[in-house]
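Asker: Next comes model33.pdb, PDB, C-alpha atoms, pLDDT in the B column:
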MODEL        1
ATOM      1  CA  GLN A   1       2.490  10.632 -14.551  1.00 67.00           C
ATOM      2  CA  GLN A   2       3.061   8.001 -11.929  1.00 78.00           C
ATOM      3  CA  LYS A   3       5.287   9.333  -9.174  1.00 89.00           C
ATOM      4  CA  VAL A   4       7.030   6.070  -8.289  1.00 95.00           C
ATOM      5  CA  GLN A   5       8.475   3.736 -10.916  1.00 96.00           C
ATOM      6  CA  GLN A   6       9.812   0.266 -10.229  1.00 97.00           C
ATOM      7  CA  SER A   7      11.981  -2.118 -12.213  1.00 96.00           C
ATOM      8  CA  PRO A   8      12.057  -4.849 -13.205  1.00 97.00           C
ATOM      9  CA  GLU A   9       8.406  -5.843 -13.419  1.00 97.00           C
ATOM     10  CA  SER A  10       9.335  -9.414 -12.607  1.00 97.00           C
ATOM     11  CA  LEU A  11      12.463 -11.145 -11.422  1.00 97.00           C
ATOM     12  CA  SER A  12      13.434 -14.787 -11.059  1.00 98.00           C
ATOM     13  CA  VAL A  13      16.448 -15.830  -8.997  1.00 98.00           C
ATOM     14  CA  PRO A  14      17.702 -19.222  -7.808  1.00 98.00           C
ATOM     15  CA  GLU A  15      17.519 -20.112  -4.143  1.00 98.00           C
ATOM     16  CA  GLY A  16      20.581 -18.693  -2.414  1.00 97.00           C
ATOM     17  CA  GLY A  17      21.029 -16.005  -5.058  1.00 98.00           C
ATOM     18  CA  MET A  18      20.908 -12.218  -4.870  1.00 98.00           C
ATOM     19  CA  ALA A  19      17.771 -10.324  -5.869  1.00 98.00           C
ATOM     20  CA  SER A  20      18.007  -6.623  -6.707  1.00 98.00           C
ATOM     21  CA  LEU A  21      14.949  -4.416  -7.035  1.00 98.00           C
ATOM     22  CA  ASN A  22      14.954  -0.789  -8.147  1.00 98.00           C
ATOM     23  CA  CYS A  23      12.745   2.221  -7.607  1.00 97.00           C
ATOM     24  CA  THR A  24      12.875   5.797  -8.870  1.00 96.00           C
ATOM     25  CA  SER A  25      10.731   8.747  -7.915  1.00 93.00           C
ATOM     26  CA  SER A  26       9.867  11.759 -10.028  1.00 88.00           C
ATOM     27  CA  ASP A  27       8.809  13.945  -7.108  1.00 89.00           C
ATOM     28  CA  ARG A  28      11.541  15.781  -5.197  1.00 88.00           C
ATOM     29  CA  ASN A  29       9.139  16.376  -2.313  1.00 87.00           C
ATOM     30  CA  PHE A  30       9.442  12.720  -1.382  1.00 89.00           C
ATOM     31  CA  GLN A  31      11.703  12.287   1.611  1.00 85.00           C
ATOM     32  CA  TYR A  32      10.730   8.949   3.081  1.00 89.00           C
ATOM     33  CA  PHE A  33      10.781   5.590   1.378  1.00 93.00           C
ATOM     34  CA  TRP A  34       9.515   2.121   2.231  1.00 94.00           C
ATOM     35  CA  TRP A  35       9.572  -1.322   0.776  1.00 97.00           C
ATOM     36  CA  TYR A  36       6.377  -3.301   1.227  1.00 97.00           C
ATOM     37  CA  ARG A  37       6.005  -7.001   0.504  1.00 97.00           C
ATOM     38  CA  GLN A  38       2.789  -8.770  -0.420  1.00 96.00           C
ATOM     39  CA  HIS A  39       2.405 -12.525  -0.357  1.00 95.00           C
ATOM     40  CA  SER A  40      -0.418 -14.120  -2.276  1.00 92.00           C
ATOM     41  CA  GLY A  41      -3.753 -13.839  -0.441  1.00 90.00           C
ATOM     42  CA  GLU A  42      -2.467 -11.230   1.993  1.00 93.00           C
ATOM     43  CA  GLY A  43      -2.267  -7.471   2.176  1.00 95.00           C
ATOM     44  CA  PRO A  44       1.037  -5.610   1.750  1.00 96.00           C
ATOM     45  CA  LYS A  45       3.273  -5.553   4.803  1.00 96.00           C
ATOM     46  CA  ALA A  46       6.034  -3.066   5.501  1.00 94.00           C
ATOM     47  CA  LEU A  47       9.420  -4.711   5.058  1.00 96.00           C
ATOM     48  CA  MET A  48      11.859  -1.852   5.493  1.00 94.00           C
ATOM     49  CA  SER A  49      11.939   1.899   5.702  1.00 92.00           C
ATOM     50  CA  ILE A  50      14.809   4.156   4.682  1.00 94.00           C
ATOM     51  CA  PHE A  51      14.937   7.870   5.246  1.00 90.00           C
ATOM     52  CA  SER A  52      18.631   8.776   4.997  1.00 90.00           C
ATOM     53  CA  ASP A  53      21.150   8.517   2.191  1.00 94.00           C
ATOM     54  CA  GLY A  54      23.194   5.358   2.166  1.00 95.00           C
ATOM     55  CA  ASP A  55      22.560   1.765   3.120  1.00 96.00           C
ATOM     56  CA  LYS A  56      20.290   0.228   5.710  1.00 96.00           C
ATOM     57  CA  LYS A  57      20.712  -3.453   6.483  1.00 96.00           C
ATOM     58  CA  GLU A  58      18.238  -5.729   8.208  1.00 96.00           C
ATOM     59  CA  GLY A  59      19.289  -9.359   8.117  1.00 96.00           C
ATOM     60  CA  ARG A  60      19.394 -10.542   4.523  1.00 97.00           C
ATOM     61  CA  PHE A  61      17.788  -7.330   3.276  1.00 98.00           C
ATOM     62  CA  THR A  62      19.697  -4.160   2.378  1.00 98.00           C
ATOM     63  CA  ALA A  63      18.045  -0.965   1.193  1.00 97.00           C
ATOM     64  CA  HIS A  64      19.973   1.834  -0.462  1.00 97.00           C
ATOM     65  CA  LEU A  65      18.800   5.424  -0.891  1.00 96.00           C
ATOM     66  CA  ASN A  66      20.243   8.196  -3.018  1.00 95.00           C
ATOM     67  CA  LYS A  67      18.127  11.279  -2.443  1.00 91.00           C
ATOM     68  CA  ALA A  68      19.944  13.318  -5.063  1.00 92.00           C
ATOM     69  CA  SER A  69      18.845  10.932  -7.788  1.00 92.00           C
ATOM     70  CA  LEU A  70      15.654   9.852  -5.942  1.00 91.00           C
ATOM     71  CA  HIS A  71      16.700   6.260  -6.387  1.00 96.00           C
ATOM     72  CA  VAL A  72      15.986   3.483  -3.936  1.00 97.00           C
ATOM     73  CA  SER A  73      17.010  -0.128  -4.225  1.00 98.00           C
ATOM     74  CA  LEU A  74      16.416  -3.324  -2.279  1.00 98.00           C
ATOM     75  CA  HIS A  75      18.872  -6.186  -2.292  1.00 98.00           C
ATOM     76  CA  ILE A  76      18.023  -9.596  -0.921  1.00 98.00           C
ATOM     77  CA  ARG A  77      20.963 -11.904  -0.388  1.00 97.00           C
ATOM     78  CA  ASP A  78      20.685 -15.663   0.079  1.00 98.00           C
ATOM     79  CA  SER A  79      17.171 -15.528  -1.394  1.00 98.00           C
ATOM     80  CA  GLN A  80      14.699 -18.092  -0.081  1.00 97.00           C
ATOM     81  CA  PRO A  81      11.545 -19.493  -1.692  1.00 97.00           C
ATOM     82  CA  SER A  82       9.596 -17.766   1.077  1.00 96.00           C
ATOM     83  CA  ASP A  83      10.857 -14.433  -0.322  1.00 97.00           C
ATOM     84  CA  SER A  84       8.731 -15.035  -3.412  1.00 97.00           C
ATOM     85  CA  ALA A  85       6.206 -12.194  -3.339  1.00 97.00           C
ATOM     86  CA  LEU A  86       5.176  -8.886  -4.877  1.00 97.00           C
ATOM     87  CA  TYR A  87       7.440  -6.072  -3.680  1.00 98.00           C
ATOM     88  CA  PHE A  88       6.245  -2.474  -3.668  1.00 98.00           C
ATOM     89  CA  CYS A  89       8.326   0.636  -3.345  1.00 97.00           C
ATOM     90  CA  ALA A  90       6.465   3.449  -1.592  1.00 95.00           C
ATOM     91  CA  ALA A  91       7.319   7.101  -1.032  1.00 93.00           C
ATOM     92  CA  SER A  92       5.999   9.869   1.151  1.00 87.00           C
ATOM     93  CA  GLU A  93       6.426  13.613   1.560  1.00 83.00           C
ATOM     94  CA  GLY A  94       6.342  13.073   5.286  1.00 72.00           C
ATOM     95  CA  ASN A  95       3.523  15.436   6.139  1.00 69.00           C
ATOM     96  CA  SER A  96       1.015  14.747   8.848  1.00 62.00           C
ATOM     97  CA  ASN A  97      -1.567  12.871   6.790  1.00 66.00           C
ATOM     98  CA  ASN A  98       0.977  10.200   5.913  1.00 71.00           C
ATOM     99  CA  ARG A  99      -0.116   9.740   2.312  1.00 83.00           C
ATOM    100  CA  ILE A 100       2.197   7.333   0.549  1.00 88.00           C
ATOM    101  CA  PHE A 101       2.484   6.609  -3.151  1.00 92.00           C
ATOM    102  CA  PHE A 102       3.205   3.130  -4.430  1.00 95.00           C
ATOM    103  CA  GLY A 103       4.972   1.817  -7.510  1.00 96.00           C
ATOM    104  CA  ASP A 104       3.464  -0.947  -9.655  1.00 96.00           C
ATOM    105  CA  GLY A 105       5.516  -3.593  -7.921  1.00 97.00           C
ATOM    106  CA  THR A 106       8.150  -6.188  -8.776  1.00 98.00           C
ATOM    107  CA  GLN A 107       7.087  -9.825  -8.766  1.00 97.00           C
ATOM    108  CA  LEU A 108       9.942 -11.868  -7.307  1.00 98.00           C
ATOM    109  CA  VAL A 109      10.132 -15.621  -7.783  1.00 98.00           C
ATOM    110  CA  VAL A 110      12.816 -17.578  -5.968  1.00 98.00           C
ATOM    111  CA  LYS A 111      13.231 -21.007  -7.505  1.00 96.00           C
ATOM    112  CA  PRO A 112      14.342 -23.920  -5.288  1.00 93.00           C
TER     113      PRO A 112
ATOM    114  CA  ASP B   1      -2.423  -7.327  17.735  1.00 63.00           C
ATOM    115  CA  THR B   2      -1.511  -5.645  14.448  1.00 67.00           C
ATOM    116  CA  THR B   3      -4.411  -7.065  12.478  1.00 88.00           C
ATOM    117  CA  VAL B   4      -6.583  -5.123  10.099  1.00 96.00           C
ATOM    118  CA  LYS B   5      -9.702  -7.031   9.166  1.00 96.00           C
ATOM    119  CA  GLN B   6     -11.820  -6.661   6.073  1.00 97.00           C
ATOM    120  CA  ASN B   7     -15.250  -8.000   5.259  1.00 93.00           C
ATOM    121  CA  PRO B   8     -16.267  -9.572   3.060  1.00 94.00           C
ATOM    122  CA  ARG B   9     -13.179 -11.100   1.445  1.00 95.00           C
ATOM    123  CA  TYR B  10     -15.043 -11.561  -1.828  1.00 97.00           C
ATOM    124  CA  LYS B  11     -17.953  -9.527  -3.128  1.00 97.00           C
ATOM    125  CA  LEU B  12     -19.997 -10.012  -6.264  1.00 97.00           C
ATOM    126  CA  ALA B  13     -22.095  -7.051  -7.342  1.00 97.00           C
ATOM    127  CA  ARG B  14     -24.343  -6.173 -10.233  1.00 97.00           C
ATOM    128  CA  VAL B  15     -23.821  -3.118 -12.395  1.00 97.00           C
ATOM    129  CA  GLY B  16     -25.739  -0.200 -10.990  1.00 96.00           C
ATOM    130  CA  LYS B  17     -26.106  -1.667  -7.510  1.00 97.00           C
ATOM    131  CA  PRO B  18     -24.547  -0.267  -4.338  1.00 97.00           C
ATOM    132  CA  VAL B  19     -21.568  -1.872  -2.603  1.00 97.00           C
ATOM    133  CA  ASN B  20     -20.479  -1.466   1.002  1.00 97.00           C
ATOM    134  CA  LEU B  21     -17.121  -2.763   2.239  1.00 97.00           C
ATOM    135  CA  ILE B  22     -16.087  -2.896   5.881  1.00 97.00           C
ATOM    136  CA  CYS B  23     -12.716  -2.531   7.598  1.00 98.00           C
ATOM    137  CA  SER B  24     -11.800  -2.736  11.272  1.00 97.00           C
ATOM    138  CA  GLN B  25      -8.669  -2.369  13.396  1.00 96.00           C
ATOM    139  CA  THR B  26      -8.065  -2.551  17.121  1.00 91.00           C
ATOM    140  CA  MET B  27      -4.702  -0.767  17.242  1.00 89.00           C
ATOM    141  CA  ASN B  28      -6.214   2.627  18.074  1.00 88.00           C
ATOM    142  CA  HIS B  29      -4.763   4.038  14.866  1.00 89.00           C
ATOM    143  CA  ASP B  30      -5.945   7.542  14.114  1.00 88.00           C
ATOM    144  CA  THR B  31      -5.724   7.241  10.337  1.00 90.00           C
ATOM    145  CA  MET B  32      -7.491   4.720   8.118  1.00 94.00           C
ATOM    146  CA  TYR B  33      -7.091   4.442   4.347  1.00 95.00           C
ATOM    147  CA  TRP B  34      -8.799   2.817   1.403  1.00 97.00           C
ATOM    148  CA  TYR B  35      -6.876   1.786  -1.711  1.00 97.00           C
ATOM    149  CA  GLN B  36      -7.971   0.291  -5.005  1.00 97.00           C
ATOM    150  CA  LYS B  37      -5.614  -2.290  -6.502  1.00 96.00           C
ATOM    151  CA  LYS B  38      -5.923  -3.618 -10.048  1.00 95.00           C
ATOM    152  CA  PRO B  39      -3.653  -6.285 -11.560  1.00 93.00           C
ATOM    153  CA  ASN B  40      -0.179  -5.034 -12.503  1.00 91.00           C
ATOM    154  CA  GLN B  41      -0.944  -1.600 -11.101  1.00 94.00           C
ATOM    155  CA  ALA B  42       0.076   0.241  -7.980  1.00 95.00           C
ATOM    156  CA  PRO B  43      -2.356   0.465  -5.074  1.00 95.00           C
ATOM    157  CA  LYS B  44      -4.243   3.691  -5.669  1.00 94.00           C
ATOM    158  CA  LEU B  45      -5.273   5.787  -2.683  1.00 94.00           C
ATOM    159  CA  LEU B  46      -8.986   6.554  -2.799  1.00 95.00           C
ATOM    160  CA  LEU B  47      -9.556   8.309   0.512  1.00 95.00           C
ATOM    161  CA  PHE B  48      -8.473   8.381   4.124  1.00 93.00           C
ATOM    162  CA  TYR B  49      -9.809   9.380   7.507  1.00 93.00           C
ATOM    163  CA  TYR B  50      -7.597  11.289   9.882  1.00 88.00           C
ATOM    164  CA  ASP B  51      -9.547  10.901  13.092  1.00 88.00           C
ATOM    165  CA  LYS B  52     -13.047  12.007  11.997  1.00 92.00           C
ATOM    166  CA  ILE B  53     -11.957  14.068   9.018  1.00 92.00           C
ATOM    167  CA  LEU B  54     -12.499  12.502   5.608  1.00 93.00           C
ATOM    168  CA  ASN B  55     -10.082  13.293   2.786  1.00 91.00           C
ATOM    169  CA  ARG B  56     -10.935  12.055  -0.702  1.00 91.00           C
ATOM    170  CA  GLU B  57      -8.516  12.068  -3.619  1.00 90.00           C
ATOM    171  CA  ALA B  58      -9.465  14.543  -6.326  1.00 88.00           C
ATOM    172  CA  ASP B  59      -9.707  12.074  -9.189  1.00 85.00           C
ATOM    173  CA  THR B  60     -12.031   9.683  -7.339  1.00 85.00           C
ATOM    174  CA  PHE B  61     -13.950  12.242  -5.317  1.00 80.00           C
ATOM    175  CA  GLU B  62     -17.377  11.543  -6.725  1.00 86.00           C
ATOM    176  CA  LYS B  63     -17.053   7.785  -7.046  1.00 91.00           C
ATOM    177  CA  PHE B  64     -16.492   6.707  -3.456  1.00 95.00           C
ATOM    178  CA  GLN B  65     -17.929   7.611  -0.097  1.00 95.00           C
ATOM    179  CA  SER B  66     -16.883   6.517   3.347  1.00 96.00           C
ATOM    180  CA  SER B  67     -17.915   6.628   6.966  1.00 96.00           C
ATOM    181  CA  ARG B  68     -16.108   6.094  10.230  1.00 96.00           C
ATOM    182  CA  PRO B  69     -18.622   5.643  13.046  1.00 95.00           C
ATOM    183  CA  ASN B  70     -15.873   5.062  15.594  1.00 94.00           C
ATOM    184  CA  ASN B  71     -12.096   4.777  15.776  1.00 92.00           C
ATOM    185  CA  SER B  72     -12.078   1.082  14.928  1.00 95.00           C
ATOM    186  CA  PHE B  73     -14.345   0.873  11.896  1.00 97.00           C
ATOM    187  CA  CYS B  74     -14.317   2.387   8.449  1.00 97.00           C
ATOM    188  CA  SER B  75     -16.489   1.627   5.450  1.00 97.00           C
ATOM    189  CA  LEU B  76     -16.143   2.207   1.726  1.00 97.00           C
ATOM    190  CA  TYR B  77     -19.351   2.839  -0.175  1.00 97.00           C
ATOM    191  CA  ILE B  78     -19.981   2.720  -3.905  1.00 96.00           C
ATOM    192  CA  GLY B  79     -23.396   4.098  -4.785  1.00 95.00           C
ATOM    193  CA  SER B  80     -23.709   2.568  -8.234  1.00 95.00           C
ATOM    194  CA  ALA B  81     -21.126  -0.020  -9.218  1.00 95.00           C
ATOM    195  CA  GLY B  82     -19.726  -0.059 -12.728  1.00 95.00           C
ATOM    196  CA  LEU B  83     -17.576  -2.663 -14.441  1.00 97.00           C
ATOM    197  CA  GLU B  84     -14.533  -0.460 -13.860  1.00 95.00           C
ATOM    198  CA  TYR B  85     -14.920  -0.873 -10.107  1.00 97.00           C
ATOM    199  CA  SER B  86     -13.861  -4.512 -10.287  1.00 97.00           C
ATOM    200  CA  ALA B  87     -10.653  -4.609  -8.268  1.00 97.00           C
ATOM    201  CA  MET B  88      -9.081  -5.526  -4.953  1.00 97.00           C
ATOM    202  CA  TYR B  89      -9.887  -2.994  -2.244  1.00 98.00           C
ATOM    203  CA  LEU B  90      -7.295  -2.668   0.484  1.00 98.00           C
ATOM    204  CA  CYS B  91      -7.857  -1.034   3.837  1.00 98.00           C
ATOM    205  CA  ALA B  92      -4.926   0.207   5.896  1.00 96.00           C
ATOM    206  CA  SER B  93      -4.332   2.039   9.138  1.00 94.00           C
ATOM    207  CA  SER B  94      -1.395   3.911  10.574  1.00 89.00           C
ATOM    208  CA  ARG B  95      -0.065   4.566  14.030  1.00 79.00           C
ATOM    209  CA  PRO B  96      -1.213   7.187  16.502  1.00 56.00           C
ATOM    210  CA  LEU B  97      -0.187  10.767  15.779  1.00 54.00           C
ATOM    211  CA  GLY B  98       0.029   9.926  12.070  1.00 48.00           C
ATOM    212  CA  GLY B  99       3.695  10.647  12.185  1.00 54.00           C
ATOM    213  CA  ARG B 100       5.682  10.984   9.047  1.00 57.00           C
ATOM    214  CA  TYR B 101       7.572   7.828   9.874  1.00 66.00           C
ATOM    215  CA  ALA B 102       4.473   5.738  10.365  1.00 78.00           C
ATOM    216  CA  GLU B 103       4.145   2.523   8.432  1.00 86.00           C
ATOM    217  CA  GLN B 104       0.728   1.497   7.242  1.00 91.00           C
ATOM    218  CA  PHE B 105      -0.822  -1.811   8.290  1.00 94.00           C
ATOM    219  CA  PHE B 106      -2.927  -3.446   5.610  1.00 96.00           C
ATOM    220  CA  GLY B 107      -5.828  -5.820   5.696  1.00 97.00           C
ATOM    221  CA  PRO B 108      -6.050  -8.827   3.350  1.00 96.00           C
ATOM    222  CA  GLY B 109      -8.328  -6.986   0.952  1.00 97.00           C
ATOM    223  CA  THR B 110     -11.796  -7.444  -0.497  1.00 97.00           C
ATOM    224  CA  ARG B 111     -11.962  -8.671  -4.074  1.00 97.00           C
ATOM    225  CA  LEU B 112     -14.900  -6.962  -5.760  1.00 98.00           C
ATOM    226  CA  THR B 113     -16.249  -8.332  -9.028  1.00 98.00           C
ATOM    227  CA  VAL B 114     -18.907  -6.317 -10.807  1.00 98.00           C
ATOM    228  CA  LEU B 115     -21.019  -8.112 -13.402  1.00 96.00           C
TER     229      LEU B 115
ENDMDL
END
Could you render the structure as structure tokens?

Answerer:
Amino acid sequence: QQKVQQSPESLSVPEGGMASLNCTSSDRNFQYFWWYRQHSGEGPKALMSIFSDGDKKEGRFTAHLNKASLHVSLHIRDSQPSDSALYFCAASEGNSNNRIFFGDGTQLVVKP
Amino acid sequence: DTTVKQNPRYKLARVGKPVNLICSQTMNHDTMYWYQKKPNQAPKLLLFYYDKILNREADTFEKFQSSRPNNSFCSLYIGSAGLEYSAMYLCASSRPLGGRYAEQFFGPGTRLTVL
């Protein structure tokens, strides 16, 4: 069973709108969560990390973590066409080898 | 410089032939990883080097080999390619000390097509 599940598979929002991406883990050993973003033709790049319950805001991006339910979300306000990309949720147990497990990704399209 | 480089970007291989993919980084990262990425699937960890120690995932143990001749370079080797090996192969590295908070830096990937 895949340890990290993401929804929706794809999402289309108008420019200036709010995009909300969701992620759930099935492994209670996971303590550390990331959002990675991959633009076409590039490798994934870390967008945000969140390790504590609650919200973490960086500019237009807000991540929310609920460790009790192992649910992580990413909200993008004032979405821009440049935000169009594949977004991965990733989780880690936080041990020394730094293995992280990815979800299948959410394809976000922001339409001008 | 936070660049991870991969060569080649595209690789065409014949069934049954060997494949060797190359990755390099100049960030002095102690850990380097190889992932396999297929369409609509999550990147799947194949193996990683922590310093000079190779760790291979149990379900792909016999399919992939790797070498790390120095801190900067890491290769992924497929001894006999099958059609199921067609995928994007992503190399990544993480910061010194391999701390639990360390993000991974990814290269652009090598797209392998096996015919």

Asker: Would you write out, as CSV, a table of all residues in chain A that have an atom no more than 6 Å from an atom of chain B, listing for each the closest atom pair and the distance in Å to one decimal, considering all atoms listed in the file and ordering rows by chain and rising residue number?

Answerer:
residue,atom,partner,partner_atom,distance
A:Glu42,CA,B:Pro108,CA,4.5
A:Gly43,CA,B:Pro108,CA,4.2
A:Pro44,CA,B:Phe106,CA,5.9
A:Gly94,CA,B:Arg100,CA,4.4
A:Asn95,CA,B:Arg100,CA,5.7
A:Ser96,CA,B:Gly98,CA,5.9
A:Asn98,CA,B:Arg100,CA,5.7
A:Phe102,CA,B:Ala42,CA,5.5
A:Gly103,CA,B:Ala42,CA,5.2
A:Asp104,CA,B:Ala42,CA,4.0

Asker: Keeping only C-alpha atoms, write the selected residues as a compact mmCIF listing (two decimals), in the coordinates of the input.

Answerer:
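Saved file out_28.txt follows:
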# COMPACT_ATOMS: atom_id res chain seq x y z
CA GLU A 42 -2.47 -11.23 1.99
CA GLY A 43 -2.27 -7.47 2.18
CA PRO A 44 1.04 -5.61 1.75
CA GLY A 94 6.34 13.07 5.29
CA ASN A 95 3.52 15.44 6.14
CA SER A 96 1.01 14.75 8.85
CA ASN A 98 0.98 10.20 5.91
CA PHE A 102 3.20 3.13 -4.43
CA GLY A 103 4.97 1.82 -7.51
CA ASP A 104 3.46 -0.95 -9.65

Asker: Which residue gives the smallest distance to Gln5 (chain A) among A:Leu86, A:Cys23, A:Val110, A:Ile76, with all atoms listed in the file counted?

Answerer: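 Closest to Gln5 (chain A), using all atoms listed in the file: A:Cys23.
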
Asker: By how many Å are CA of Gly16 (chain A) and CA of Leu47 (chain A) apart?

Answerer: 19.4 Å

Asker: Excluding Ala85 (chain A) and any residue of its chain fewer than 3 positions from it, enumerate the residues within 8 Å of it, using only C-alpha atoms, and give them as a ChimeraX atom specification.

Answerer: /A:37-40,82,107-109

Asker: Keeping only C-alpha atoms, take the residues you just selected and write them out as a PDB file, keeping the file's coordinate frame.

Answerer:
ATOM      1  CA  ARG A  37       6.005  -7.001   0.504  1.00 97.00           C
ATOM      2  CA  GLN A  38       2.789  -8.770  -0.420  1.00 96.00           C
ATOM      3  CA  HIS A  39       2.405 -12.525  -0.357  1.00 95.00           C
ATOM      4  CA  SER A  40      -0.418 -14.120  -2.276  1.00 92.00           C
ATOM      5  CA  SER A  82       9.596 -17.766   1.077  1.00 96.00           C
ATOM      6  CA  GLN A 107       7.087  -9.825  -8.766  1.00 97.00           C
ATOM      7  CA  LEU A 108       9.942 -11.868  -7.307  1.00 98.00           C
ATOM      8  CA  VAL A 109      10.132 -15.621  -7.783  1.00 98.00           C
TER       9      VAL A 109
END

Asker: Residue by residue, what does the PyMOL selection byres ((chain B and resi 13) around 7) grab here? Present the result as a VMD selection string.

Answerer: chain B and resid 11 to 12 14 to 15 17 113 to 115

Asker: Given the PyMOL selection byres ((chain A and resi 12) around 12) and the file above, list the residues it selects as JSON, numbers by chain.

Answerer: {"A": [8, 9, 10, 11, 13, 14, 15, 16, 17, 18, 19, 20, 21, 79, 80, 81, 83, 84, 85, 86, 106, 107, 108, 109, 110, 111, 112]}

Asker: For the selection you just gave me, I'd like the residues written to a file as a short mmCIF file (atom, residue, chain, number, x, y, z; two decimals), keeping the file's coordinate frame, keeping C-alpha atoms.

Answerer:
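Written file, out_3.cif:
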data_model
loop_
_atom_site.label_atom_id
_atom_site.label_comp_id
_atom_site.auth_asym_id
_atom_site.auth_seq_id
_atom_site.Cartn_x
_atom_site.Cartn_y
_atom_site.Cartn_z
CA PRO A 8 12.06 -4.85 -13.20
CA GLU A 9 8.41 -5.84 -13.42
CA SER A 10 9.34 -9.41 -12.61
CA LEU A 11 12.46 -11.14 -11.42
CA VAL A 13 16.45 -15.83 -9.00
CA PRO A 14 17.70 -19.22 -7.81
CA GLU A 15 17.52 -20.11 -4.14
CA GLY A 16 20.58 -18.69 -2.41
CA GLY A 17 21.03 -16.00 -5.06
CA MET A 18 20.91 -12.22 -4.87
CA ALA A 19 17.77 -10.32 -5.87
CA SER A 20 18.01 -6.62 -6.71
CA LEU A 21 14.95 -4.42 -7.04
CA SER A 79 17.17 -15.53 -1.39
CA GLN A 80 14.70 -18.09 -0.08
CA PRO A 81 11.54 -19.49 -1.69
CA ASP A 83 10.86 -14.43 -0.32
CA SER A 84 8.73 -15.04 -3.41
CA ALA A 85 6.21 -12.19 -3.34
CA LEU A 86 5.18 -8.89 -4.88
CA THR A 106 8.15 -6.19 -8.78
CA GLN A 107 7.09 -9.82 -8.77
CA LEU A 108 9.94 -11.87 -7.31
CA VAL A 109 10.13 -15.62 -7.78
CA VAL A 110 12.82 -17.58 -5.97
CA LYS A 111 13.23 -21.01 -7.50
CA PRO A 112 14.34 -23.92 -5.29
#

Asker: Write out as a list in words the residues lying within 9 Å of Tyr77 (chain B), counting only C-alpha atoms and excluding same-chain residues fewer than 3 positions away.

Answerer: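 These residues fall inside the cut-off: Pro18, Val19, Asn20, Leu21, Ile22, Lys63, Phe64, Gln65, Ser66 and Ser67 of chain B.
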
Asker: Give me the result of the PyMOL selection byres ((chain A and resi 59-61) around 6) on this file, residue by residue, as a PDB file with C-alpha atoms, in the coordinates of the input.

Answerer:
ATOM      1  CA  LYS A  57      20.712  -3.453   6.483  1.00 96.00           C
ATOM      2  CA  GLU A  58      18.238  -5.729   8.208  1.00 96.00           C
ATOM      3  CA  THR A  62      19.697  -4.160   2.378  1.00 98.00           C
ATOM      4  CA  HIS A  75      18.872  -6.186  -2.292  1.00 98.00           C
ATOM      5  CA  ILE A  76      18.023  -9.596  -0.921  1.00 98.00           C
ATOM      6  CA  ARG A  77      20.963 -11.904  -0.388  1.00 97.00           C
TER       7      ARG A  77
END

Asker: Can you report as AutoDock Vina command-line options the centre and edge lengths in Å, to one decimal, of an axis-aligned box around the listed atoms of region 30-37 of chain B padded with 6 Å on each side?

Answerer:
--center_x -7.2 --center_y 2.6 --center_z 3.8 --size_x 15.2 --size_y 21.8 --size_z 32.6

Asker: Go ahead and compute the interatomic distance for CA of Gln25 (chain B) and CA of Asn70 (chain B), in Å to one decimal.

Answerer: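 About the pair CA of Gln25 (chain B) and CA of Asn70 (chain B): they are 10.6 Å apart.
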
Asker: Separation of CA of Gly16 (chain B) and CA of Gly79 (chain B), in Å?

Answerer: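 CA of Gly16 (chain B) sits 7.9 Å away from CA of Gly79 (chain B).
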
Asker: Which is closer to Arg68 (chain B) than all the others in B:Thr26, B:Gln6, B:Leu112, B:Met32, using all atoms listed in the file?

Answerer: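 Of B:Thr26, B:Gln6, B:Leu112, B:Met32, the one nearest Arg68 (chain B) is B:Met32, counting all atoms listed in the file.
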
Asker: Extract, using only C-alpha atoms, all DNA, RNA and protein residues at most 10 Å from Asp55 (chain A), discarding same-chain residues fewer than 6 positions from it, and format them as a ChimeraX atom specification.

Answerer: /A:62-66,72-74

Asker: Okay, now the selection with C-alpha atoms, as a compact mmCIF listing (two decimals), in the frame of the given file?

Answerer:
# COMPACT_ATOMS: atom_id res chain seq x y z
CA THR A 62 19.70 -4.16 2.38
CA ALA A 63 18.05 -0.96 1.19
CA HIS A 64 19.97 1.83 -0.46
CA LEU A 65 18.80 5.42 -0.89
CA ASN A 66 20.24 8.20 -3.02
CA VAL A 72 15.99 3.48 -3.94
CA SER A 73 17.01 -0.13 -4.22
CA LEU A 74 16.42 -3.32 -2.28

Asker: Hey, which of B:Ile53, B:Tyr10, B:Pro69, B:Ser93 ends up closest to Met27 (chain B)? Count all atoms listed in the file.

Answerer: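 Smallest distance to Met27 (chain B) is found for B:Ser93.
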